[in-house]
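**Q** Please see the structure below; I have some questions.
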Amino acid sequence: SGQFSVSAKGTASQPVVIRGSASVALAAGSTFTADNAEYVLITDIIAPYDQAGYTFGVKRACKFVRITKCVIGPASPGSFSSSPGNWIRITDQSADCAIDFCELRNKRRPGNGVAIDGDTSVAGYMGGCKHILVAHNDIHDFASEVTNGYEAVRFGDSGVSRTDSSSALIRNVFTNIACEPEVISAKMSRIDIYGNSIINCVGSVVYRHGTIGFMGHNYIRGPATGSLGTKTGGFR
C-alpha cells in the first residue's frame, strides 16, 4: 500500500519493468505514478478498488510509458459515490505512451476510466498529450448515469482542443457502460477511433473538437437505457 512513483529513465532496448503478480493486489488508497519517466513498462498490477482522484498517473514529460495487463476496479460493483475519480490519467507534456490489454471494471463514481489530458497553459489550446495509444482493453460495467464528466474514455478537453494529438483508440471492448451521453469522447485533432465494440452501452461515440479525425469499423449494439433516460447511440 502507499503512493508509488517512478521517475527512472530506461532505454528502448533496456526499459524499466515494474511487474505485479496475480496473487498480490494494491491496497485501497494506493496510487502509482510515472513522473517524468521514460521507457517504463508497468504490467500485471491489480488495483481492486474504486477510489476518488487517480489510480495510475502519467505526468510531466513522460515518454514511452506503457501500462499493460493491469486490472483496475473491484471484482463486484459497490454503491455510487459522487466524488470523481480518473482511474488512468495521462497529462502535462507526456507523449508516446500506451494503455493496452487492461481490464477496467465496476466503476461507480464520476470521472473517466481513461483520461488523456495535457498542459492547458500552452497557448492556442495546443498543449494536449500526443501519440497516445489505447488498445485492446476490456472496459465494462460502469454506472450510474450522470449528465457529464463520466466518459469511459476521454481524449482531451476544451482547454487542449486545437492539439494535433495523432493518437488512437483501437480494438477495445466496452460492455454495460451506463455513465453519461458519451461513452467515448474525442476533443483533439487526428484521433483514430477504429475497430471498437460497444455492447449494451448507454450513450454515443462522440468527436467533440478537432479536425482530421477518423471513426470507422466500430460495432455498436443495444439496446440499453440509462437511469436518466439516455439510450444506446451511434456516432456524433
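We name chains A, B, ... following the order of the C-alpha cells; residues begin at 1 in each chain, and ligands are numbered from 1 as shown.
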Check the DSSP output for the backbone and give back, as number ranges by chain, the residues of region 35-138 of chain A in strand (DSSP E).

**A** A: 35, 38-43, 46-47, 53-59, 63-68, 71-72, 85-90, 95-100, 103-105, 114-116, 130-135, 138

**Q** Please identify all polymer residues within 7 Å of region 81-88 of chain A, counting only C-alpha atoms, omitting same-chain residues fewer than 6 positions from it, and present them as a ChimeraX atom specification.

**A** /A:51-57,108-115

**Q** Kindly save the residues from that selection, with N, CA and C atoms included, as a short mmCIF file (atom, residue, chain, number, x, y, z; two decimals), in the first residue's frame.

**A**
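As a result, out.cif now contains:
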data_model
loop_
_atom_site.label_atom_id
_atom_site.label_comp_id
_atom_site.auth_asym_id
_atom_site.auth_seq_id
_atom_site.Cartn_x
_atom_site.Cartn_y
_atom_site.Cartn_z
N GLN A 51 -11.69 4.36 -6.38
CA GLN A 51 -11.38 5.44 -5.47
C GLN A 51 -11.42 6.79 -6.17
N ALA A 52 -11.57 7.84 -5.37
CA ALA A 52 -11.51 9.20 -5.88
C ALA A 52 -10.08 9.56 -6.26
N GLY A 53 -9.92 10.65 -7.04
CA GLY A 53 -8.59 11.01 -7.50
C GLY A 53 -8.19 10.14 -8.67
N TYR A 54 -6.94 9.73 -8.72
CA TYR A 54 -6.50 8.84 -9.78
C TYR A 54 -5.86 7.59 -9.17
N THR A 55 -5.79 6.55 -9.96
CA THR A 55 -5.14 5.32 -9.52
C THR A 55 -3.78 5.16 -10.20
N PHE A 56 -3.76 5.30 -11.53
CA PHE A 56 -2.50 5.32 -12.28
C PHE A 56 -2.36 6.69 -12.93
N GLY A 57 -1.22 7.34 -12.72
CA GLY A 57 -0.98 8.65 -13.31
C GLY A 57 0.30 8.67 -14.11
N ARG A 108 -18.17 3.09 -10.17
CA ARG A 108 -19.41 3.63 -9.63
C ARG A 108 -19.21 5.06 -9.12
N ARG A 109 -18.43 5.84 -9.82
CA ARG A 109 -18.26 7.24 -9.46
C ARG A 109 -17.96 8.03 -10.74
N PRO A 110 -18.28 9.34 -10.80
CA PRO A 110 -17.93 10.16 -11.96
C PRO A 110 -16.42 10.19 -12.18
N GLY A 111 -16.04 10.72 -13.32
CA GLY A 111 -14.64 10.68 -13.73
C GLY A 111 -14.47 9.61 -14.78
N ASN A 112 -13.33 9.62 -15.43
CA ASN A 112 -13.11 8.76 -16.58
C ASN A 112 -12.38 7.47 -16.21
N GLY A 113 -12.67 6.42 -16.95
CA GLY A 113 -11.84 5.23 -16.84
C GLY A 113 -10.44 5.53 -17.33
N VAL A 114 -10.36 6.15 -18.51
CA VAL A 114 -9.09 6.60 -19.09
C VAL A 114 -9.25 8.06 -19.48
N ALA A 115 -8.38 8.93 -19.00
CA ALA A 115 -8.39 10.36 -19.33
C ALA A 115 -7.05 10.76 -19.92
#

**Q** Which residue out of A:Lys130, A:His140, A:Arg19, A:Arg60 has the minimum interatomic distance to Pro74 (chain A) when only C-alpha atoms are used?

**A**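 Among the listed residues, the smallest separation from Pro74 (chain A) belongs to A:His140.
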
**Q** So, counting only C-alpha atoms, which residue among A:Ala37, A:Ile212, A:Ile99, A:Ala123 is closest to Ile170 (chain A)?

**A** A:Ile99

**Q** Between A:Ile184, A:Ile193, A:Val160, A:Ile116, which has the minimum distance to His209 (chain A) (counting only C-alpha atoms)?

**A**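 Checking each of A:Ile184, A:Ile193, A:Val160, A:Ile116 against His209 (chain A), counting only C-alpha atoms, the winner is A:Val160.
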
**Q** Using only C-alpha atoms, can you tell me which of A:Asp157, A:Glu180, A:Asp164, A:Asp117 comes closest to Glu145 (chain A)?

**A** A:Glu180

**Q** CA of Gly233 (chain A) and CA of Pro77 (chain A), how far apart in Å?

**A** 24.3 Å

**Q** Tell me, as a PyMOL selection string, which residues lie within 10 Å of Thr211 (chain A), counting only C-alpha atoms; anything in the same chain fewer than 4 positions away does not count.

**A** chain A and resi 161-164+187-191+207

**Q** Those same residues, written as a compact mmCIF listing (two decimals), in the first residue's frame with N, CA and C atoms?

**A**
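What follows is the written file out-v2.txt:
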# COMPACT_ATOMS: atom_id res chain seq x y z
N SER A 161 -8.11 21.67 -27.13
CA SER A 161 -8.90 21.19 -28.26
C SER A 161 -8.27 21.41 -29.62
N ARG A 162 -7.25 22.27 -29.73
CA ARG A 162 -6.59 22.51 -31.02
C ARG A 162 -5.30 21.72 -31.18
N THR A 163 -5.08 20.76 -30.31
CA THR A 163 -3.88 19.92 -30.38
C THR A 163 -4.00 18.92 -31.52
N ASP A 164 -2.93 18.77 -32.30
CA ASP A 164 -2.81 17.68 -33.25
C ASP A 164 -2.25 16.49 -32.48
N LYS A 187 -11.65 15.04 -28.21
CA LYS A 187 -11.69 16.50 -28.19
C LYS A 187 -10.36 17.11 -28.63
N MET A 188 -9.63 16.39 -29.50
CA MET A 188 -8.41 16.88 -30.12
C MET A 188 -8.39 16.41 -31.56
N SER A 189 -7.47 16.95 -32.36
CA SER A 189 -7.37 16.57 -33.76
C SER A 189 -6.56 15.29 -33.95
N ARG A 190 -6.84 14.65 -35.11
CA ARG A 190 -6.11 13.46 -35.55
C ARG A 190 -6.16 12.33 -34.50
N ILE A 191 -7.37 12.00 -34.11
CA ILE A 191 -7.58 10.83 -33.26
C ILE A 191 -8.34 9.79 -34.08
N TYR A 207 -17.13 12.74 -31.43
CA TYR A 207 -15.97 13.56 -31.76
C TYR A 207 -16.37 15.01 -31.52

**Q** Considering only C-alpha atoms, state which residue in the set A:His131, A:Lys9, A:Lys69, A:Lys63 is at the smallest distance from Ser167 (chain A).

**A**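 Distance minimum relative to Ser167 (chain A) lands on A:His131.
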
**Q** With only C-alpha atoms as the basis for distance, which of A:Asn176, A:Ser21, A:Asn200, A:Ser166 is at the shortest distance from Pro223 (chain A)?

**A**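 Answer, going by the shortest atom-to-atom distance: A:Asn200.
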
**Q** Near Thr147 (chain A), counting only C-alpha atoms, which residues have an atom at most 10 Å away, once you skip same-chain residues fewer than 4 positions from it, shown as a ChimeraX atom specification?

**A** /A:110,179-182,228,230

**Q** With only C-alpha atoms as the counted atoms, please give the residues lying no more than 8 Å from Lys231 (chain A), apart from itself and same-chain residues fewer than 6 positions off, as a list of chain:residue names.

**A**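 Selected residues are A:Cys201, A:Val202, A:Gly203, A:Pro223, A:Ala224, A:Thr225.
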
**Q** Would you save the residues from that selection as a compact mmCIF listing (two decimals), in the first residue's frame, using all heavy atoms?

**A**
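Okay, part-v6.txt is ready:
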# COMPACT_ATOMS: atom_id res chain seq x y z
N CYS A 201 -24.40 -0.49 -24.24
CA CYS A 201 -23.92 0.72 -23.57
C CYS A 201 -24.89 1.88 -23.79
O CYS A 201 -25.50 2.00 -24.85
CB CYS A 201 -22.54 1.11 -24.09
SG CYS A 201 -21.24 -0.07 -23.69
N VAL A 202 -25.00 2.73 -22.79
CA VAL A 202 -25.77 3.97 -22.89
C VAL A 202 -24.85 5.05 -23.47
O VAL A 202 -23.71 5.21 -23.04
CB VAL A 202 -26.28 4.38 -21.50
CG1 VAL A 202 -26.80 5.79 -21.51
CG2 VAL A 202 -27.34 3.40 -21.03
N GLY A 203 -25.35 5.82 -24.45
CA GLY A 203 -24.58 6.92 -25.00
C GLY A 203 -23.96 6.61 -26.34
O GLY A 203 -24.21 5.57 -26.95
N PRO A 223 -30.11 -3.04 -27.11
CA PRO A 223 -30.50 -1.74 -26.56
C PRO A 223 -29.97 -1.56 -25.14
O PRO A 223 -29.57 -2.52 -24.48
CB PRO A 223 -32.02 -1.83 -26.56
CG PRO A 223 -32.29 -3.29 -26.32
CD PRO A 223 -31.19 -4.03 -27.02
N ALA A 224 -29.97 -0.32 -24.70
CA ALA A 224 -29.65 0.00 -23.30
C ALA A 224 -30.28 1.34 -22.99
O ALA A 224 -30.36 2.22 -23.85
CB ALA A 224 -28.14 0.05 -23.08
N THR A 225 -30.74 1.50 -21.77
CA THR A 225 -31.32 2.77 -21.32
C THR A 225 -30.77 3.10 -19.94
O THR A 225 -30.82 2.27 -19.03
CB THR A 225 -32.86 2.68 -21.24
OG1 THR A 225 -33.39 2.33 -22.53
CG2 THR A 225 -33.45 4.02 -20.81

**Q** Write out as a VMD selection string which residues come within 7 Å of Arg236 (chain A) when counting only C-alpha atoms, dropping same-chain ones fewer than 5 positions away.

**A** chain A and resid 204 to 207

**Q** How many Å lie between CA of Tyr194 (chain A) and CA of Ala152 (chain A), rounded to one decimal?

**A** 15.8 Å

**Q** Determine, for each residue of region 17-56 of chain A having at least one atom at most 12 Å from an atom of region 100-103 of chain A, the closest pair of atoms and their separation in Å to one decimal, counting only C-alpha atoms; order by chain and ascending number, as a tab-separated table.

**A**
residue	atom	partner	partner_atom	distance
A:Leu41	CA	A:Asp100	CA	11.2
A:Ile42	CA	A:Asp100	CA	10.7
A:Thr43	CA	A:Cys102	CA	9.1
A:Asp44	CA	A:Cys102	CA	8.7
A:Ile45	CA	A:Cys102	CA	9.6
A:Ile46	CA	A:Glu103	CA	9.5
A:Ala47	CA	A:Glu103	CA	10.4
A:Pro48	CA	A:Glu103	CA	10.7

**Q** Would you put the residues from that selection into a file with N, CA, C and O atoms, as a compact mmCIF listing (two decimals), in the first residue's frame?

**A**
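As a result, out-v1.txt now contains:
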# COMPACT_ATOMS: atom_id res chain seq x y z
N LEU A 41 7.79 0.16 -18.38
CA LEU A 41 6.70 -0.80 -18.59
C LEU A 41 6.09 -1.14 -17.23
O LEU A 41 6.77 -1.65 -16.34
N ILE A 42 4.80 -0.83 -17.07
CA ILE A 42 4.06 -1.15 -15.85
C ILE A 42 3.07 -2.24 -16.21
O ILE A 42 2.16 -2.03 -17.02
N THR A 43 3.22 -3.43 -15.62
CA THR A 43 2.44 -4.57 -16.09
C THR A 43 1.97 -5.46 -14.95
O THR A 43 2.62 -5.56 -13.90
N ASP A 44 0.80 -6.09 -15.15
CA ASP A 44 0.28 -7.12 -14.25
C ASP A 44 0.03 -6.61 -12.83
O ASP A 44 0.18 -7.36 -11.86
N ILE A 45 -0.38 -5.37 -12.69
CA ILE A 45 -0.70 -4.81 -11.38
C ILE A 45 -2.21 -4.82 -11.19
O ILE A 45 -2.97 -4.42 -12.08
N ILE A 46 -2.66 -5.27 -10.03
CA ILE A 46 -4.08 -5.35 -9.71
C ILE A 46 -4.41 -4.27 -8.68
O ILE A 46 -3.79 -4.20 -7.62
N ALA A 47 -5.38 -3.43 -9.02
CA ALA A 47 -5.86 -2.39 -8.11
C ALA A 47 -7.37 -2.60 -7.94
O ALA A 47 -8.17 -1.97 -8.63
N PRO A 48 -7.79 -3.47 -7.00
CA PRO A 48 -9.19 -3.91 -6.94
C PRO A 48 -10.09 -2.98 -6.12
O PRO A 48 -10.78 -3.41 -5.19

**Q** Would you pick out the contacts of Tyr39 (chain A) at 7 Å or less, using only C-alpha atoms, so that residues sharing its chain but fewer than 5 positions from it are not included, and give the list as number ranges by chain?

**A** A: 9-12, 15-16, 63-65

**Q** If you keep N, CA, C and O atoms, can you produce a file of those selected residues as a PDB file, in the first residue's frame?

**A**
ATOM      1  N   LYS A   9      14.597   6.493 -16.044  1.00  0.00           N
ATOM      2  CA  LYS A   9      14.665   6.617 -17.494  1.00  0.00           C
ATOM      3  C   LYS A   9      15.401   5.397 -18.053  1.00  0.00           C
ATOM      4  O   LYS A   9      16.620   5.277 -17.925  1.00  0.00           O
ATOM      5  N   GLY A  10      14.620   4.495 -18.646  1.00  0.00           N
ATOM      6  CA  GLY A  10      15.218   3.364 -19.317  1.00  0.00           C
ATOM      7  C   GLY A  10      15.555   3.720 -20.755  1.00  0.00           C
ATOM      8  O   GLY A  10      15.619   4.890 -21.142  1.00  0.00           O
ATOM      9  N   THR A  11      15.756   2.699 -21.560  1.00  0.00           N
ATOM     10  CA  THR A  11      16.007   2.889 -22.986  1.00  0.00           C
ATOM     11  C   THR A  11      15.104   1.936 -23.763  1.00  0.00           C
ATOM     12  O   THR A  11      14.469   1.051 -23.196  1.00  0.00           O
ATOM     13  N   ALA A  12      15.074   2.108 -25.068  1.00  0.00           N
ATOM     14  CA  ALA A  12      14.250   1.228 -25.892  1.00  0.00           C
ATOM     15  C   ALA A  12      14.690  -0.221 -25.766  1.00  0.00           C
ATOM     16  O   ALA A  12      13.863  -1.138 -25.758  1.00  0.00           O
ATOM     17  N   PRO A  15      14.210  -1.263 -21.114  1.00  0.00           N
ATOM     18  CA  PRO A  15      13.205  -0.494 -20.373  1.00  0.00           C
ATOM     19  C   PRO A  15      13.202  -0.855 -18.897  1.00  0.00           C
ATOM     20  O   PRO A  15      13.619  -1.950 -18.500  1.00  0.00           O
ATOM     21  N   VAL A  16      12.708   0.060 -18.096  1.00  0.00           N
ATOM     22  CA  VAL A  16      12.466  -0.213 -16.684  1.00  0.00           C
ATOM     23  C   VAL A  16      11.143  -0.981 -16.592  1.00  0.00           C
ATOM     24  O   VAL A  16      10.116  -0.513 -17.088  1.00  0.00           O
ATOM     25  N   LYS A  63       7.797   9.841 -21.402  1.00  0.00           N
ATOM     26  CA  LYS A  63       7.895   9.348 -22.764  1.00  0.00           C
ATOM     27  C   LYS A  63       7.953   7.817 -22.728  1.00  0.00           C
ATOM     28  O   LYS A  63       8.657   7.233 -21.908  1.00  0.00           O
ATOM     29  N   PHE A  64       7.227   7.206 -23.626  1.00  0.00           N
ATOM     30  CA  PHE A  64       7.279   5.756 -23.805  1.00  0.00           C
ATOM     31  C   PHE A  64       6.986   4.993 -22.500  1.00  0.00           C
ATOM     32  O   PHE A  64       7.707   4.081 -22.121  1.00  0.00           O
ATOM     33  N   VAL A  65       5.927   5.417 -21.840  1.00  0.00           N
ATOM     34  CA  VAL A  65       5.417   4.686 -20.673  1.00  0.00           C
ATOM     35  C   VAL A  65       4.251   3.829 -21.151  1.00  0.00           C
ATOM     36  O   VAL A  65       3.328   4.317 -21.806  1.00  0.00           O
TER      37      VAL A  65
END

**Q** With DSSP run on the backbone, what are the helix (DSSP H, G or I) residues within region 17-196 of chain A? I'd like them as number ranges by chain.

**A** A: 123-125, 158-160

**Q** Pull N, CA and C atoms from the residues just selected and write them as a short mmCIF file (atom, residue, chain, number, x, y, z; two decimals), in the first residue's frame.

**A**
data_model
loop_
_atom_site.label_atom_id
_atom_site.label_comp_id
_atom_site.auth_asym_id
_atom_site.auth_seq_id
_atom_site.Cartn_x
_atom_site.Cartn_y
_atom_site.Cartn_z
N ALA A 123 -0.24 28.03 -25.11
CA ALA A 123 -1.08 28.97 -25.86
C ALA A 123 -1.78 28.28 -27.02
N GLY A 124 -2.95 28.79 -27.36
CA GLY A 124 -3.68 28.33 -28.52
C GLY A 124 -4.39 27.01 -28.35
N TYR A 125 -4.60 26.58 -27.11
CA TYR A 125 -5.29 25.31 -26.82
C TYR A 125 -4.58 24.12 -27.48
N SER A 158 -11.77 20.93 -23.74
CA SER A 158 -11.79 22.20 -24.46
C SER A 158 -10.50 23.01 -24.27
N GLY A 159 -9.77 22.77 -23.19
CA GLY A 159 -8.54 23.50 -22.94
C GLY A 159 -7.37 23.08 -23.81
N VAL A 160 -7.48 21.94 -24.51
CA VAL A 160 -6.40 21.48 -25.40
C VAL A 160 -6.98 21.09 -26.77
#
